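Engineer: The structure follows.
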Amino acid sequence: MATSTYTTPKNSLKCVEWMWQANPNPWSSSEPDIWNHYSDVENLIIERAYSNGEARAVLDDYYIDFQANRQISNTDDYKQRPVKRVVRNREDKHLREERFVDLPVSTERFVDLPVSTEHSFGGEYGWVSPFIIEVRRDLKLEPDELPSKKPEMIPQLVEQAAQGIIKEGKYIRKEEEAKELANMLREQKNNGIEQVWQRCAYIYSLESFLYKTLNATMRLVGDKEHESVWRSKIRTLGPFCLLLWDDPCNKKAKTKKTLYRGANLNREQIAKYEKMAKNNDEYGSFQAFTSCSRNRQKAEVFVNLVQHLSAISSPIPPYTNYTYATELLPDLADLWWSIDDLRKEITFEFHIKTTGWIALGISPAGGMIGADIGLGWIDQSGQLHFEDRYAYGFYQPMVDNTTQDWFGLQGHEVNGWTAIQFKRLLDTCDIMDYPIKSGTNILIYAYSLEDPVIIDGKATIKYHGDRRYTRAIPLQSYANPPPESKFADLDYFDFQLHNYSVPSNETTYHCTVYKVPAKFPKRRHAIAHKAIIDPANIDIVHHMLMYECNPSAIFDDENLPSGICDDLGEVLIPCTSNIATGWAVGGDYINEFPDVAGYPVGGDFEIKYYVVQMHYNNIHQMSNRTDSSGIRFYLGNELRQYDIGYLTVGQDSDATAIAIPPYDDRLVIDSYCPALVTQNIPPTGITVVAAFPHTHLQGT
């Protein structure tokens with residue numbers, strides 16, 4: 001009877017990568033080829049079958065036909081895509097971005113903290129992962145019963161780990177990946193703990209379902225709502241975790257080694273790191289296994305330097321570090337930028353999935369007319385071309401014939417993406433340029449599948465068709481808001497949604513009534529407030545307004561109204577007369593009040609209820625979007641000299657409000673306050689400390 005032994009391919013991941021063509025139509029000859037990578041484990045499966053001369057490699061959803069160089073669906077032979085084998089140096093291998101995920105930080109007891117932002121440190125468990133402790137309890141192991149101390153338990157533990165991996169793989173329909181990982185582990189079951197641990201570390205480092213499932217599970221420990229979820233994984237993932245945790249090579253903790261990790265952190269999470277860094281005697285530990293690098297440049301690829309940063313799609317690392325970044329459209333367009341206040345100039349880096357021309361513009365109102373545009377492309381020789389253009393109408397924007405104010409710095413094409421770095425002055429004083437102002441700027445961007453055609457030394461661009469988009473973005477702040485770490489030690493409360501299902505309508509106004517938490521029985525002064533904008537929805541949250549309810553308003557505190565604003569009707573009438581504060585696209589996320597004044601809340605303050613109105617501008621009518629945006633108030637430890645109040649002037653948003661005449665370049669609106677409104681203003685007057693103007697596209 002013949003037998004076969006599993007062995008890892010000689011070249012493993014060192015120099016071979018398999019890729020599949022990812023174009024929507026993989027057989028199109030008019031679009032540049034876009035190639036995506038298989039996961040590390042799929043790569044191993046494919047390469048071993050290829051090296052062994054087999055006709056095909058079987059994956060979970062597809063099989064690879066080596067003769068035809070095709071990926072073919074296991075359930076539908078008509079679903080096929082080209083594949084290719086690429087041999088490259090190890091250092092040129094693509095980076096695995098998904099390993100660099102948010103790892104929140106806290107030095108408090110994790111069991112008292114919410115799962116989504118706080119409990120990644122071991123808390124009462126000390127330096128041992130709480131998941132590992134629960135695994136040892138389930139296996140009925142004493143503290144000193146570990147595979148590194150009792151080698152006789154290694155074969156059984158390895159087999160339990162292999163079976164658990166296979167069970168988890170079946171659960172999510174990744175049986176082939178699971179069998180591959182299990183066989184790799186079983187190779188070492190009769191060896192010592194050093195070889196077993198090294199194999200576990202190698203398996204963990206591979207891009208696969210195991211890495212994601214394992215860490216997602218370990219970060220749930222301490223969350224009562226998901227306790228049944230993580231406990232269900234103890235039997236399946238626990239043995240592998242124990243083998244990986246029981247490191248025989250690094251028994252002594254190292255405190256003088258520098259490792260790097262890039263991650264997308266919000267400002268609250270960054271503030272916690274900053275607070276911990278100020279105390280040399282304070283330490284923390286991550287609750288899950290954590291990927292790091294000794295190479296700072298590799299880690300920096302994944303670092304976010306913006307308050308709220310959605311995911312970045314581009315596979316090309318930016319040329320440098322930037323202050324801000326955003327994903328304009330998933331898997332299509334990303335933008336980075338920084339502002340040099342001294343030189344009064346802005347530097348952009350723009351990535352789009354195309355090998356044709358790409359263009360970014362500043363628009364007065366979101367359209368072509370009057371837009372100031374920078375357009376660039378990479379020619380066949382790899383040379384960058386970049387032009388300053390201006391749009392007079394709905395036709396090809398002309399080259400700026402006054403001065404060249406957009407300057408291309410560098411650019412290249414990689415894996416079907418074009419990346420170009422360029423700059424311009426914030427205000428060029430050129431009539432064919434549009435100034436970049438503080439607050440909201442309306443960007444337009446477009447691309448083509450082809451480079452411009454050069455005729456008599458001039459570039460003629462092909463019409464972009466429907467490949468044009470718009471996005472309102474605050475390119476520069478109105479002021480210099482303080483870091484959130486300044487308020488890290490203060491009490492606070494939030495008026496915040498929790499996973500609200502945003503309708504797929506183009507426009508939605510959602511209203512919720514809130515009350516200051518009862519844990520603040522005495523009057524306090526809010527000294528700052530923060531707009532909490534869900535990073536996943538920064539493209540659809542248009543504005544957020546907080547209204548003060550009339551002091552006579554009464555609600556059921558156990559069932560406060562929440563829903564579409566128009567549907568709540570008369571319920572909200574006592575709460576629609578005075579806007580207290582808010583945020584809109586272009587505004588700063590943190591706002592601090594003057595040192596001598598605070599906004600009174602709680603205790604004997606007459607206003608008990610508030611309404612937060614969220615406006616969602618879902619222009620693409622996307623479904624399956626959930627939002628957790630809101631507003632946070634930081635409370636001072638002492639009352640300040642003055643109370644802050646709010647006065648609302650202007651028109652409501654309805655059909656009888658401001659009507660802008662057609663073709664008017666300028667419309668001035670005057671507002672007057674009747675005596676009834678101003679009768680309580682003291683003879684000494686009031687001091688205006690802030691203003692919050694808000695209009696839509698046509699207002700300034």
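Note on naming: chains are A, B, ... as they come in the structure tokens, residues start from 1 per chain, ligands start from 1 in the order shown.
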Taking only stretch 374-495 of chain A into account, list the residues labelled strand (DSSP E) by DSSP (computed from the backbone), as a PyMOL selection string.
Structural biologist: chain A and resi 374-378+384-390+398-399+407-414+417-425+439-447+453-455+458-460+468-476+491-495
Engineer: Identify which of the residues A:Glu387, A:Thr418, A:Asp491, A:His542 lies closest to A:Ala472, counting only C-alpha atoms when measuring atom-to-atom distances.
Structural biologist: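 Closest to A:Ala472 of all the choices is A:His542.
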Engineer: Rounded to one decimal place, report the atom CA of A:Thr512-atom CA of A:Leu560 distance in Å.
Structural biologist: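 Atom-to-atom, atom CA of A:Thr512 and atom CA of A:Leu560 are spaced 7.5 Å apart.
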Engineer: Mind checking which residues fall within 12 Å of A:Phe692, counting only C-alpha atoms, ignoring those fewer than 4 positions away in the same chain, and posting them as a list in words?
Structural biologist: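 Using only C-alpha atoms, the neighbours found are Gly439, Tyr478, His543, Met544, Leu545, Ile579, Ala580, Thr581, Gly582, Trp583, Ala584, Gly586, Gly587, Asp588, Asn591, Tyr646, Leu647, Thr648, Val649, Gly650 and Val688 of chain A.
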Engineer: Report as a Markdown table: every residue of stretch 551-624 of chain A with an atom at most 8 Å from stretch 522-538 of chain A, its closest pair of atoms, and their distance in Å to one decimal, counting only C-alpha atoms, with rows sorted by chain and ascending residue number.
Structural biologist:
| residue | atom | partner | partner_atom | distance |
| --- | --- | --- | --- | --- |
| A:Gly582 | CA | A:Ala531 | CA | 7.8 |
| A:Trp583 | CA | A:Ala531 | CA | 6.5 |
| A:Tyr589 | CA | A:Ala531 | CA | 5.0 |
| A:Ile590 | CA | A:Lys530 | CA | 4.6 |
| A:Asn591 | CA | A:His529 | CA | 5.5 |
| A:Glu592 | CA | A:Ala528 | CA | 4.2 |
| A:Phe593 | CA | A:Ile527 | CA | 5.4 |
| A:Pro594 | CA | A:Ile527 | CA | 7.8 |
| A:Asp595 | CA | A:Ile527 | CA | 8.0 |
| A:Ala597 | CA | A:Ile527 | CA | 7.5 |
| A:Gly598 | CA | A:His525 | CA | 4.7 |
| A:Tyr599 | CA | A:Ala526 | CA | 4.9 |
| A:Pro600 | CA | A:His525 | CA | 4.7 |
| A:Val601 | CA | A:Arg524 | CA | 5.5 |
| A:Gly602 | CA | A:Arg523 | CA | 4.9 |
| A:Gly603 | CA | A:Lys522 | CA | 3.8 |
| A:Asp604 | CA | A:Arg523 | CA | 5.9 |
| A:Phe605 | CA | A:Arg523 | CA | 6.3 |
Engineer: Name all residues at most 8 Å from A:Phe209 (count only C-alpha atoms; drop same-chain ones fewer than 4 positions away) and give them as a VMD selection string.
Structural biologist: chain A and resid 169 174 177 213
Engineer: With N, CA and C atoms retained, write the just-selected residues as a JSON list (two decimals), in the first residue's frame.
Structural biologist:
[["chain", "number", "residue", "atom", "x", "y", "z"],
["A", 169, "GLY", "N", -12.50, 25.40, 9.78],
["A", 169, "GLY", "CA", -12.49, 25.58, 8.33],
["A", 169, "GLY", "C", -13.78, 25.10, 7.69],
["A", 174, "LYS", "N", -13.98, 26.65, 4.35],
["A", 174, "LYS", "CA", -12.57, 26.77, 3.97],
["A", 174, "LYS", "C", -11.87, 25.45, 4.29],
["A", 177, "GLU", "N", -8.17, 24.97, 2.79],
["A", 177, "GLU", "CA", -7.20, 25.75, 3.57],
["A", 177, "GLU", "C", -6.96, 25.09, 4.92],
["A", 213, "THR", "N", -9.86, 34.54, 12.23],
["A", 213, "THR", "CA", -10.79, 33.96, 13.19],
["A", 213, "THR", "C", -10.21, 33.96, 14.59]]
Engineer: Which is closest to A:Thr460 among A:Ser338, A:Gln396, A:Thr323, A:Gln641, if we use only C-alpha atoms?
Structural biologist: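 Looking only at the distances to A:Thr460, the closest residue turns out to be A:Gln396.
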Engineer: As a ChimeraX atom specification, please: every residue in stretch 424-497 of chain A that DSSP puts in helix (DSSP H, G or I).
Structural biologist: /A:484-487
